$ cat entry_31.txt   # compact mmCIF, C-alpha atoms and all ligand atoms
# COMPACT_ATOMS: atom_id res chain seq x y z
CA MET M 1 -9.09 17.64 10.46
CA ASP M 2 -11.85 18.10 13.00
CA SER M 3 -14.16 15.50 14.35
CA LEU M 4 -17.08 17.00 12.45
CA ASP M 5 -15.47 16.29 9.07
CA ILE M 6 -14.79 12.73 10.13
CA GLN M 7 -18.41 12.34 11.29
CA LYS M 8 -19.66 13.64 7.92
CA ALA M 9 -17.37 11.24 6.07
CA ALA M 10 -18.54 8.38 8.31
CA ASP M 11 -22.18 9.22 7.50
CA ILE M 12 -21.35 9.12 3.77
CA ILE M 13 -19.78 5.67 4.22
CA ARG M 14 -22.82 4.46 6.20
CA ASN M 15 -25.07 5.71 3.38
CA GLY M 16 -23.21 3.76 0.71
CA GLY M 17 -20.76 6.44 -0.52
CA VAL M 18 -17.02 6.18 -1.25
CA GLY M 19 -14.24 8.44 -0.05
CA ALA M 20 -10.52 8.60 0.64
CA PHE M 21 -8.87 8.62 4.06
CA PRO M 22 -5.30 8.56 5.31
CA THR M 23 -3.68 5.48 6.82
CA GLU M 24 -0.07 5.22 7.99
CA THR M 25 0.91 3.48 4.72
CA VAL M 26 -0.93 5.14 1.81
CA TYR M 27 -4.37 6.75 1.39
CA GLY M 28 -7.25 4.28 1.03
CA LEU M 29 -10.43 4.53 -1.05
CA GLY M 30 -13.09 3.31 1.36
CA ALA M 31 -16.66 2.03 1.34
CA ASN M 32 -18.85 -0.01 3.70
CA ALA M 33 -17.27 -3.48 3.43
CA LEU M 34 -20.60 -5.19 4.13
CA ASP M 35 -22.51 -3.38 1.35
CA PRO M 36 -21.71 -4.88 -2.09
CA ILE M 37 -23.27 -1.94 -3.97
CA ALA M 38 -21.00 0.50 -2.13
CA VAL M 39 -18.00 -1.77 -2.72
CA ALA M 40 -18.81 -1.89 -6.44
CA LYS M 41 -18.31 1.89 -6.54
CA ILE M 42 -14.70 1.44 -5.40
CA PHE M 43 -13.99 -0.81 -8.39
CA ALA M 44 -15.72 1.69 -10.71
CA HIS M 45 -13.76 4.72 -9.45
CA LYS M 46 -10.45 2.85 -9.53
CA GLU M 47 -11.18 1.14 -12.87
CA ARG M 48 -9.97 -1.95 -11.09
CA PRO M 49 -10.75 -5.48 -12.33
CA THR M 50 -13.08 -7.27 -9.92
CA PHE M 51 -10.73 -10.28 -9.68
CA ASP M 52 -8.44 -8.18 -7.44
CA PRO M 53 -9.67 -8.51 -3.82
CA LEU M 54 -9.82 -5.65 -1.29
CA ILE M 55 -8.42 -5.27 2.22
CA VAL M 56 -10.99 -4.72 4.98
CA HIS M 57 -10.01 -2.14 7.62
CA ILE M 58 -11.18 -2.49 11.20
CA ALA M 59 -10.91 -0.34 14.34
CA HIS M 60 -11.60 -2.96 17.03
CA ILE M 61 -10.21 -6.44 17.46
CA ASP M 62 -13.73 -7.85 18.02
CA THR M 63 -14.57 -7.17 14.36
CA LEU M 64 -11.92 -9.75 13.45
CA HIS M 65 -14.18 -12.45 14.91
CA THR M 66 -17.19 -11.22 12.89
CA LEU M 67 -15.35 -11.20 9.56
CA THR M 68 -13.50 -14.52 9.86
CA LYS M 69 -14.08 -18.12 10.89
CA ASP M 70 -11.85 -20.83 12.38
CA LEU M 71 -9.57 -18.17 13.80
CA ASP M 72 -6.18 -19.59 14.79
CA PRO M 73 -4.91 -18.25 18.15
CA ILE M 74 -1.70 -17.20 16.36
CA VAL M 75 -3.73 -14.56 14.49
CA LEU M 76 -4.66 -12.93 17.79
CA GLU M 77 -1.03 -13.05 18.88
CA LEU M 78 0.07 -11.31 15.67
CA ALA M 79 -2.77 -8.79 15.94
CA LYS M 80 -1.81 -8.00 19.53
CA HIS M 81 1.77 -7.47 18.49
CA PHE M 82 1.43 -5.57 15.19
CA TRP M 83 -1.98 -3.81 15.28
CA PRO M 84 -2.78 -1.07 14.81
CA GLY M 85 -0.09 -1.19 12.14
CA PRO M 86 0.93 -2.01 8.57
CA LEU M 87 0.24 -5.76 8.62
CA THR M 88 -2.61 -7.31 6.60
CA MET M 89 -3.63 -10.87 7.43
CA VAL M 90 -5.43 -13.00 4.83
CA LEU M 91 -7.78 -15.31 6.76
CA PRO M 92 -10.75 -17.66 6.13
CA LYS M 93 -13.78 -15.39 5.67
CA SER M 94 -17.18 -15.57 7.37
CA ASN M 95 -20.45 -15.42 5.43
CA ILE M 96 -21.07 -11.74 6.11
CA VAL M 97 -18.15 -10.66 3.89
CA PRO M 98 -19.54 -10.09 0.36
CA ASP M 99 -17.92 -12.04 -2.48
CA LEU M 100 -17.15 -8.81 -4.30
CA VAL M 101 -14.76 -7.78 -1.50
CA THR M 102 -12.79 -11.02 -1.78
CA SER M 103 -13.22 -11.55 -5.55
CA GLY M 104 -14.96 -14.82 -4.77
CA LEU M 105 -12.03 -16.13 -2.67
CA GLN M 106 -12.85 -17.90 0.60
CA THR M 107 -10.33 -15.66 2.38
CA VAL M 108 -10.40 -12.00 3.37
CA GLY M 109 -7.49 -9.59 3.95
CA ILE M 110 -7.89 -7.61 7.20
CA ARG M 111 -5.90 -4.91 8.93
CA MET M 112 -6.20 -2.27 11.64
CA PRO M 113 -4.49 0.90 10.39
CA ASN M 114 -2.30 2.95 12.72
CA ASN M 115 -3.81 6.35 11.96
CA THR M 116 -6.18 8.23 14.27
CA ILE M 117 -8.31 9.65 11.43
CA ALA M 118 -8.74 6.19 9.88
CA LEU M 119 -9.62 4.59 13.22
CA GLU M 120 -12.11 7.35 14.07
CA LEU M 121 -13.70 7.09 10.62
CA ILE M 122 -14.17 3.32 10.95
CA SER M 123 -15.53 3.64 14.50
CA LYS M 124 -17.96 6.40 13.59
CA ALA M 125 -19.11 4.60 10.43
CA GLN M 126 -19.88 1.61 12.70
CA THR M 127 -18.88 -0.80 9.95
CA PRO M 128 -15.64 -2.27 8.65
CA ILE M 129 -14.31 -0.33 5.64
CA ALA M 130 -13.06 -2.05 2.49
CA ALA M 131 -10.28 0.03 0.98
CA PRO M 132 -7.66 -0.47 -1.68
CA SER M 133 -5.03 2.22 -2.18
CA ALA M 134 -6.75 5.38 -3.49
CA ASN M 135 -5.25 5.42 -6.97
CA LYS M 136 -6.43 4.41 -10.43
CA PHE M 137 -5.65 0.75 -11.12
CA GLY M 138 -1.99 0.31 -12.10
CA GLN M 139 -0.94 3.88 -11.25
CA LEU M 140 1.15 5.27 -8.40
CA SER M 141 -0.14 4.84 -4.85
CA PRO M 142 -1.05 8.09 -3.02
CA SER M 143 0.92 9.26 0.01
CA SER M 144 -0.92 12.61 0.27
CA ALA M 145 -4.47 13.97 -0.22
CA LYS M 146 -3.16 15.90 -3.26
CA HIS M 147 -2.12 12.62 -4.93
CA VAL M 148 -5.66 11.28 -4.42
CA GLN M 149 -7.22 14.46 -5.82
CA LYS M 150 -5.03 14.13 -8.96
CA GLN M 151 -6.30 10.64 -9.81
CA LEU M 152 -9.78 10.50 -8.23
CA PRO M 153 -11.36 13.98 -8.37
CA ASP M 154 -14.95 12.65 -8.39
CA ILE M 155 -15.20 10.67 -5.14
CA ASP M 156 -17.55 11.69 -2.30
CA PHE M 157 -14.87 12.98 0.12
CA ILE M 158 -11.14 13.15 0.78
CA LEU M 159 -10.08 13.38 4.44
CA ASP M 160 -6.73 15.18 4.47
CA GLY M 161 -4.37 13.82 7.11
CA GLY M 162 -1.17 15.19 5.59
CA ASP M 163 1.64 13.01 4.25
CA THR M 164 1.52 9.36 5.27
CA THR M 165 4.37 8.25 7.53
CA VAL M 166 5.22 4.74 6.31
CA GLY M 167 4.75 5.56 2.63
CA ILE M 168 4.47 2.05 1.14
CA GLU M 169 1.60 -0.41 1.44
CA SER M 170 1.20 -2.90 4.29
CA THR M 171 2.98 -6.23 4.54
CA ILE M 172 0.49 -8.97 3.53
CA ILE M 173 0.62 -12.50 4.95
CA SER M 174 -1.78 -15.40 4.58
CA ILE M 175 -2.24 -17.80 7.48
CA ASP M 176 -3.19 -21.39 6.85
CA SER M 177 -2.52 -24.64 8.74
CA ASN M 178 0.83 -23.86 10.34
CA THR M 179 2.13 -21.99 7.32
CA ILE M 180 2.38 -18.27 7.01
CA THR M 181 3.07 -17.01 3.51
CA LEU M 182 4.44 -13.57 2.76
CA LEU M 183 2.27 -12.30 -0.12
CA ARG M 184 3.56 -8.73 -0.25
CA PRO M 185 6.68 -7.38 1.52
CA GLY M 186 6.30 -4.21 3.58
CA ILE M 187 7.84 -2.27 6.41
CA ILE M 188 7.11 -5.14 8.82
CA THR M 189 9.66 -7.73 7.69
CA LYS M 190 9.50 -11.53 7.54
CA GLU M 191 12.08 -11.65 10.34
CA GLU M 192 9.99 -9.42 12.63
CA ILE M 193 6.98 -11.68 12.11
CA GLU M 194 9.03 -14.84 12.71
CA ALA M 195 10.27 -13.37 16.00
CA VAL M 196 6.68 -13.38 17.32
CA LEU M 197 5.83 -16.94 16.15
CA PRO M 198 6.09 -20.17 18.14
CA ASN M 199 8.81 -22.55 16.92
CA ASN M 200 6.56 -24.82 14.86
CA TRP M 201 5.49 -21.93 12.61
CA THR M 202 7.47 -20.59 9.64
CA VAL M 203 7.06 -17.73 7.19
CA SER M 204 7.43 -18.76 3.57
CA SER M 205 8.22 -16.24 0.82
CA GLU M 206 7.18 -18.73 -1.85
CA LYS M 207 3.93 -17.43 -3.38
CA PRO M 208 1.13 -19.96 -3.93
CA LYS M 209 0.90 -20.73 -7.67
CA ASP M 210 -2.88 -20.46 -7.88
CA LEU M 211 -3.07 -16.95 -6.42
CA ILE M 212 -4.64 -14.42 -8.75
CA ALA M 213 -4.10 -11.04 -7.18
CA PRO M 214 -2.74 -8.33 -9.47
CA GLY M 215 -1.17 -6.29 -6.66
CA LEU M 216 1.13 -9.23 -6.45
CA LEU M 217 1.95 -9.22 -10.18
CA GLN M 218 5.18 -7.86 -11.63
CA SER M 219 3.81 -4.62 -13.07
CA HIS M 220 1.99 -2.21 -10.78
CA TYR M 221 2.15 1.26 -9.25
CA SER M 222 3.61 2.76 -12.43
CA PRO M 223 4.29 6.43 -13.13
CA LYS M 224 3.06 7.72 -16.50
CA LYS M 225 6.64 8.24 -17.73
CA PRO M 226 9.38 5.70 -18.39
CA LEU M 227 11.17 4.77 -15.18
CA TYR M 228 14.65 3.23 -15.20
CA ILE M 229 16.60 1.75 -12.30
CA PHE M 230 20.36 2.45 -12.15
CA THR M 231 22.92 0.83 -9.88
CA GLU M 232 26.11 2.85 -10.62
CA ILE M 233 25.93 6.60 -9.97
CA PRO M 234 26.49 8.26 -13.39
CA GLU M 235 29.19 10.90 -13.94
CA SER M 236 26.79 13.25 -15.66
CA LEU M 237 23.01 13.44 -15.87
CA GLN M 238 20.94 13.12 -19.04
CA GLU M 239 18.91 16.08 -20.28
CA ASN M 240 15.12 16.15 -19.75
CA SER M 241 15.46 13.45 -17.14
CA GLY M 242 14.69 13.36 -13.45
CA TYR M 243 16.88 11.49 -10.95
CA ILE M 244 15.86 10.04 -7.60
CA PHE M 245 18.67 9.36 -5.11
CA HIS M 246 18.57 8.03 -1.56
CA SER M 247 21.66 9.83 -0.29
CA SER M 248 22.99 13.34 -0.97
CA GLN M 249 25.11 13.81 -4.11
CA PRO M 250 27.08 17.07 -3.69
CA GLN M 251 28.67 16.66 -7.16
CA PHE M 252 25.24 17.39 -8.70
CA GLU M 253 24.59 20.45 -6.53
CA ASN M 254 23.62 22.63 -9.49
CA GLU M 255 21.36 20.10 -11.22
CA LYS M 256 17.65 20.91 -11.00
CA SER M 257 15.91 17.62 -11.71
CA ILE M 258 17.03 15.70 -8.64
CA LEU M 259 14.96 14.53 -5.69
CA TYR M 260 16.24 12.84 -2.57
CA THR M 261 14.15 10.35 -0.62
CA SER M 262 16.74 10.51 2.17
CA GLU M 263 20.06 12.33 2.75
CA ASN M 264 21.82 9.25 4.10
CA ASN M 265 20.16 6.02 2.91
CA ASN M 266 17.78 5.89 5.87
CA LEU M 267 15.40 3.20 4.59
CA LEU M 268 12.41 4.36 6.67
CA GLU M 269 12.79 7.78 5.02
CA VAL M 270 13.25 6.21 1.58
CA ALA M 271 9.96 4.28 1.98
CA ALA M 272 8.13 7.34 3.32
CA HIS M 273 9.21 9.54 0.39
CA LEU M 274 9.28 7.03 -2.48
CA PHE M 275 5.80 7.57 -3.94
CA SER M 276 5.87 11.35 -3.42
CA ALA M 277 9.17 11.54 -5.35
CA LEU M 278 7.65 9.49 -8.20
CA HIS M 279 4.48 11.65 -8.20
CA ALA M 280 6.60 14.84 -8.32
CA MET M 281 8.60 13.49 -11.28
CA GLU M 282 5.37 12.46 -13.02
CA ASP M 283 3.96 15.99 -12.54
CA ASN M 284 7.12 17.83 -13.70
CA ASP M 285 6.56 18.82 -17.35
CA SER M 286 10.25 19.35 -18.07
CA ILE M 287 11.02 15.68 -17.38
CA CYS M 288 10.49 12.90 -19.95
CA ASN M 289 12.30 10.02 -18.23
CA ILE M 290 12.78 9.13 -14.59
CA PHE M 291 15.89 7.41 -13.22
CA ILE M 292 15.94 5.91 -9.74
CA HIS M 293 18.89 4.57 -7.77
CA SER M 294 18.58 0.95 -6.66
CA ILE M 295 19.15 -0.09 -3.05
CA PRO M 296 20.33 -3.46 -1.70
CA GLU M 297 17.47 -5.98 -1.38
CA GLU M 298 17.81 -6.77 2.30
CA SER M 299 15.60 -5.92 5.30
CA LEU M 300 13.42 -2.91 4.38
CA GLY M 301 15.17 -2.74 1.01
CA ILE M 302 13.14 -5.81 -0.07
CA ALA M 303 9.79 -3.96 0.26
CA ILE M 304 11.14 -0.76 -1.28
CA MET M 305 12.70 -2.50 -4.30
CA ASP M 306 9.49 -4.56 -4.73
CA ARG M 307 7.62 -1.27 -5.40
CA VAL M 308 10.45 0.22 -7.50
CA LYS M 309 10.74 -2.85 -9.74
CA LYS M 310 6.98 -3.03 -10.25
CA ALA M 311 6.87 0.68 -11.09
CA ALA M 312 9.69 0.22 -13.62
CA PHE M 313 8.62 -3.18 -15.00
CA GLN M 314 6.74 -2.13 -18.12
CA TYR M 315 9.63 0.11 -19.20
CA ASN M 316 12.40 -2.43 -18.65
CA LYS M 317 11.15 -5.54 -20.42
O1 LIG H 1 -1.35 -0.47 3.17
C1 LIG H 1 -2.27 -1.02 2.53
O2 LIG H 1 -2.41 -2.25 2.52
C2 LIG H 1 -3.22 -0.10 1.75
C3 LIG H 1 -3.99 0.76 2.75
C4 LIG H 1 -5.07 1.60 2.10
O3 LIG H 1 -4.50 -0.06 3.74
N1 LIG H 1 -4.10 -0.86 0.93
C5 LIG H 1 -3.69 -1.49 -0.20
O4 LIG H 1 -4.72 -2.10 -0.88
O5 LIG H 1 -2.54 -1.52 -0.57
P1 LIG H 1 -4.57 -2.60 -2.39
O6 LIG H 1 -5.92 -3.05 -2.79
O7 LIG H 1 -3.96 -1.56 -3.21
O8 LIG H 1 -3.65 -3.84 -2.28
C6 LIG H 1 -4.13 -4.96 -1.57
C7 LIG H 1 -3.57 -6.23 -2.11
C8 LIG H 1 -4.05 -6.52 -3.50
O9 LIG H 1 -2.92 -6.82 -4.30
C9 LIG H 1 -4.91 -7.74 -3.34
O10 LIG H 1 -4.79 -8.56 -4.46
C10 LIG H 1 -4.37 -8.37 -2.07
O11 LIG H 1 -4.03 -7.29 -1.28
N2 LIG H 1 -5.41 -9.12 -1.38
C11 LIG H 1 -6.52 -8.65 -0.78
N3 LIG H 1 -7.29 -9.65 -0.30
C12 LIG H 1 -6.65 -10.80 -0.60
C13 LIG H 1 -6.93 -12.18 -0.41
N4 LIG H 1 -8.05 -12.60 0.20
N5 LIG H 1 -6.04 -13.09 -0.86
C14 LIG H 1 -4.91 -12.67 -1.49
N6 LIG H 1 -4.59 -11.39 -1.72
C15 LIG H 1 -5.44 -10.46 -1.29
MG MG H 2 -2.81 -0.64 -4.60

$ encode --input "entry_31.txt" --output "structure tokens"
Amino acid sequence: MDSLDIQKAADIIRNGGVGAFPTETVYGLGANALDPIAVAKIFAHKERPTFDPLIVHIAHIDTLHTLTKDLDPIVLELAKHFWPGPLTMVLPKSNIVPDLVTSGLQTVGIRMPNNTIALELISKAQTPIAAPSANKFGQLSPSSAKHVQKQLPDIDFILDGGDTTVGIESTIISIDSNTITLLRPGIITKEEIEAVLPNNWTVSSEKPKDLIAPGLLQSHYSPKKPLYIFTEIPESLQENSGYIFHSSQPQFENEKSILYTSENNNLLEVAAHLFSALHAMEDNDSICNIFIHSIPEESLGIAIMDRVKKAAFQYNK
């Protein structure tokens, strides 16, 4: 990826186009966050309902002041600690953020991605970039440029930065009068955030009842084939089925339809390889059903199982 490609992509963004770029979590589908016509193209390409708000990506901390109002000092503390990185903060928005970006909400989700291509793109575009994950609404998130190409072949550009390193979407928190609410679990855990907070602040996992944000609904990120979660390792494997494990299974050495996200239950590796394993199973014509091993829902396992359960939801009602 040379600087020239990034400059071209930045010019396209400045001129109201839409294109995909890597972040450390998943690929994003970006447009100029301050141009509602450009932002509308994101919704059209994704076939995403406009009641689902977008995250705005920034490259400099100063932009945070432009996009928000009544900024609590704790936000700057968290930004200093976790940015650039996979933490999105939902904050009171300023007037320059178009309603389409926030689906009419008075808050805006903001993050600074930890990826040099993304940061250079935003800097060169000289505007914050609104970007959801670069997949069709409801389908699997992309962790490589190839995944984006599969679902969104008609966008203006795809910057290829190789496989993403984190692999699952950012942790989302909202910040409001001494309460921080965890809206979406991610690789940055509730405990890590609490460790940075003064004593009078807490992180609640209780979602506000009036929040309408489909990424936070039960069904999301689904492969196009039935996906089932298993807890006990089976003695034999079903025909025409693909299996995803998180630790090596020597007893199945000769089975073809197995993918490992990790050899030894390393949860950072599991997160990094989760979506690519699901994409590979989706693309494999000899597989009709996908089975995935569950992992304990603690620490990083919470964010990973959040994605797995959402991917499996429609097939396990
Ligand atoms: O890691 C990520 O966060 C990736 C990369 C590209 O940055 N982006 C991503 O965007 O996952 P998306 O649109 O697929 O998911 C963002 C979620 C949505 O579920 C949306 O409803 C929620 O964030 N969201 C955005 N703004 C919000 C707001 N103001 N209030 C509540 N939820 C919000
Ligand atoms: Mg998404």

$ closest_residue --input "entry_31.txt" --among "M:Ser294, M:Leu267, M:Ser143, M:Asp283" --to "M:Ile233" --atoms "only C-alpha atoms"
M:Ser294

$ closest_residue --input "entry_31.txt" --among "M:Asn284, M:Gln139, M:Thr88, M:Thr164" --to "ligand MG 2 (chain H)" --atoms "only C-alpha atoms and all ligand atoms"
M:Gln139

$ axis_aligned_box --input "entry_31.txt" --around "stretch 27-37 of chain M" --padding-each-side "5 Å" --output "JSON"
{"center_x": -13.8, "center_y": 0.8, "center_z": 0.1, "size_x": 28.9, "size_y": 21.9, "size_z": 18.1}

$ closest_residue --input "entry_31.txt" --among "M:Asn316, M:Thr107, M:Ser123, M:Asn95" --to "M:His60" --atoms "all atoms listed in the file"
M:Ser123

$ residues_around --input "entry_31.txt" --residues "M:Lys80" --least-positions-apart "5" --cutoff "10 Å" --atoms "all atoms listed in the file" --output "JSON, numbers by chain"
{"M": [61, 74, 75]}

$ residues_around --input "entry_31.txt" --residues "stretch 32-38 of chain M" --least-positions-apart "4" --cutoff "9 Å" --atoms "only C-alpha atoms" --output "number ranges by chain"
M: 13-18, 42, 56-57, 96-101, 125, 127-131

$ closest_atom_pairs --input "entry_31.txt" --of "chain M" --to "ligand MG 2 (chain H)" --cutoff "7 Å" --atoms "all atoms listed in the file" --output "Markdown table"
| residue | atom | partner | partner_atom | distance |
| --- | --- | --- | --- | --- |
| M:Pro132 | CA | H:MG2 | MG | 5.7 |
| M:Ser133 | CA | H:MG2 | MG | 4.4 |
| M:Asn135 | CA | H:MG2 | MG | 6.9 |
| M:Ser141 | CA | H:MG2 | MG | 6.1 |
| M:Gly215 | CA | H:MG2 | MG | 6.2 |

$ residues_around --input "entry_31.txt" --residues "M:Asn289" --least-positions-apart "6" --cutoff "10 Å" --atoms "only C-alpha atoms" --output "JSON, numbers by chain"
{"M": [224, 225, 226, 227, 228, 238, 239, 240, 241, 242, 243, 281, 282]}

$ write_last_selection --input "entry_31.txt" --atoms "C-alpha atoms" --output "PDB file, in the frame of the given file"
ATOM      1  CA  LYS M 224       3.060   7.720 -16.500  1.00  0.00           C
ATOM      2  CA  LYS M 225       6.640   8.240 -17.730  1.00  0.00           C
ATOM      3  CA  PRO M 226       9.380   5.700 -18.390  1.00  0.00           C
ATOM      4  CA  LEU M 227      11.170   4.770 -15.180  1.00  0.00           C
ATOM      5  CA  TYR M 228      14.650   3.230 -15.200  1.00  0.00           C
ATOM      6  CA  GLN M 238      20.940  13.120 -19.040  1.00  0.00           C
ATOM      7  CA  GLU M 239      18.910  16.080 -20.280  1.00  0.00           C
ATOM      8  CA  ASN M 240      15.120  16.150 -19.750  1.00  0.00           C
ATOM      9  CA  SER M 241      15.460  13.450 -17.140  1.00  0.00           C
ATOM     10  CA  GLY M 242      14.690  13.360 -13.450  1.00  0.00           C
ATOM     11  CA  TYR M 243      16.880  11.490 -10.950  1.00  0.00           C
ATOM     12  CA  MET M 281       8.600  13.490 -11.280  1.00  0.00           C
ATOM     13  CA  GLU M 282       5.370  12.460 -13.020  1.00  0.00           C
TER      14      GLU M 282
END

$ residues_near_ligand --input "entry_31.txt" --ligand "ligand LIG 1 (chain H)" --cutoff "6 Å" --atoms "only C-alpha atoms and all ligand atoms" --output "PDB file with C-alpha atoms, in the frame of the given file"
ATOM      1  CA  THR M  25       0.910   3.480   4.720  1.00  0.00           C
ATOM      2  CA  VAL M  26      -0.930   5.140   1.810  1.00  0.00           C
ATOM      3  CA  TYR M  27      -4.370   6.750   1.390  1.00  0.00           C
ATOM      4  CA  GLY M  28      -7.250   4.280   1.030  1.00  0.00           C
ATOM      5  CA  ASP M  52      -8.440  -8.180  -7.440  1.00  0.00           C
ATOM      6  CA  PRO M  53      -9.670  -8.510  -3.820  1.00  0.00           C
ATOM      7  CA  LEU M  54      -9.820  -5.650  -1.290  1.00  0.00           C
ATOM      8  CA  ILE M  55      -8.420  -5.270   2.220  1.00  0.00           C
ATOM      9  CA  VAL M  90      -5.430 -13.000   4.830  1.00  0.00           C
ATOM     10  CA  THR M 102     -12.790 -11.020  -1.780  1.00  0.00           C
ATOM     11  CA  THR M 107     -10.330 -15.660   2.380  1.00  0.00           C
ATOM     12  CA  VAL M 108     -10.400 -12.000   3.370  1.00  0.00           C
ATOM     13  CA  GLY M 109      -7.490  -9.590   3.950  1.00  0.00           C
ATOM     14  CA  ALA M 131     -10.280   0.030   0.980  1.00  0.00           C
ATOM     15  CA  PRO M 132      -7.660  -0.470  -1.680  1.00  0.00           C
ATOM     16  CA  SER M 133      -5.030   2.220  -2.180  1.00  0.00           C
ATOM     17  CA  GLU M 169       1.600  -0.410   1.440  1.00  0.00           C
ATOM     18  CA  SER M 170       1.200  -2.900   4.290  1.00  0.00           C
ATOM     19  CA  ALA M 213      -4.100 -11.040  -7.180  1.00  0.00           C
ATOM     20  CA  PRO M 214      -2.740  -8.330  -9.470  1.00  0.00           C
ATOM     21  CA  GLY M 215      -1.170  -6.290  -6.660  1.00  0.00           C
ATOM     22  CA  LEU M 216       1.130  -9.230  -6.450  1.00  0.00           C
TER      23      LEU M 216
END
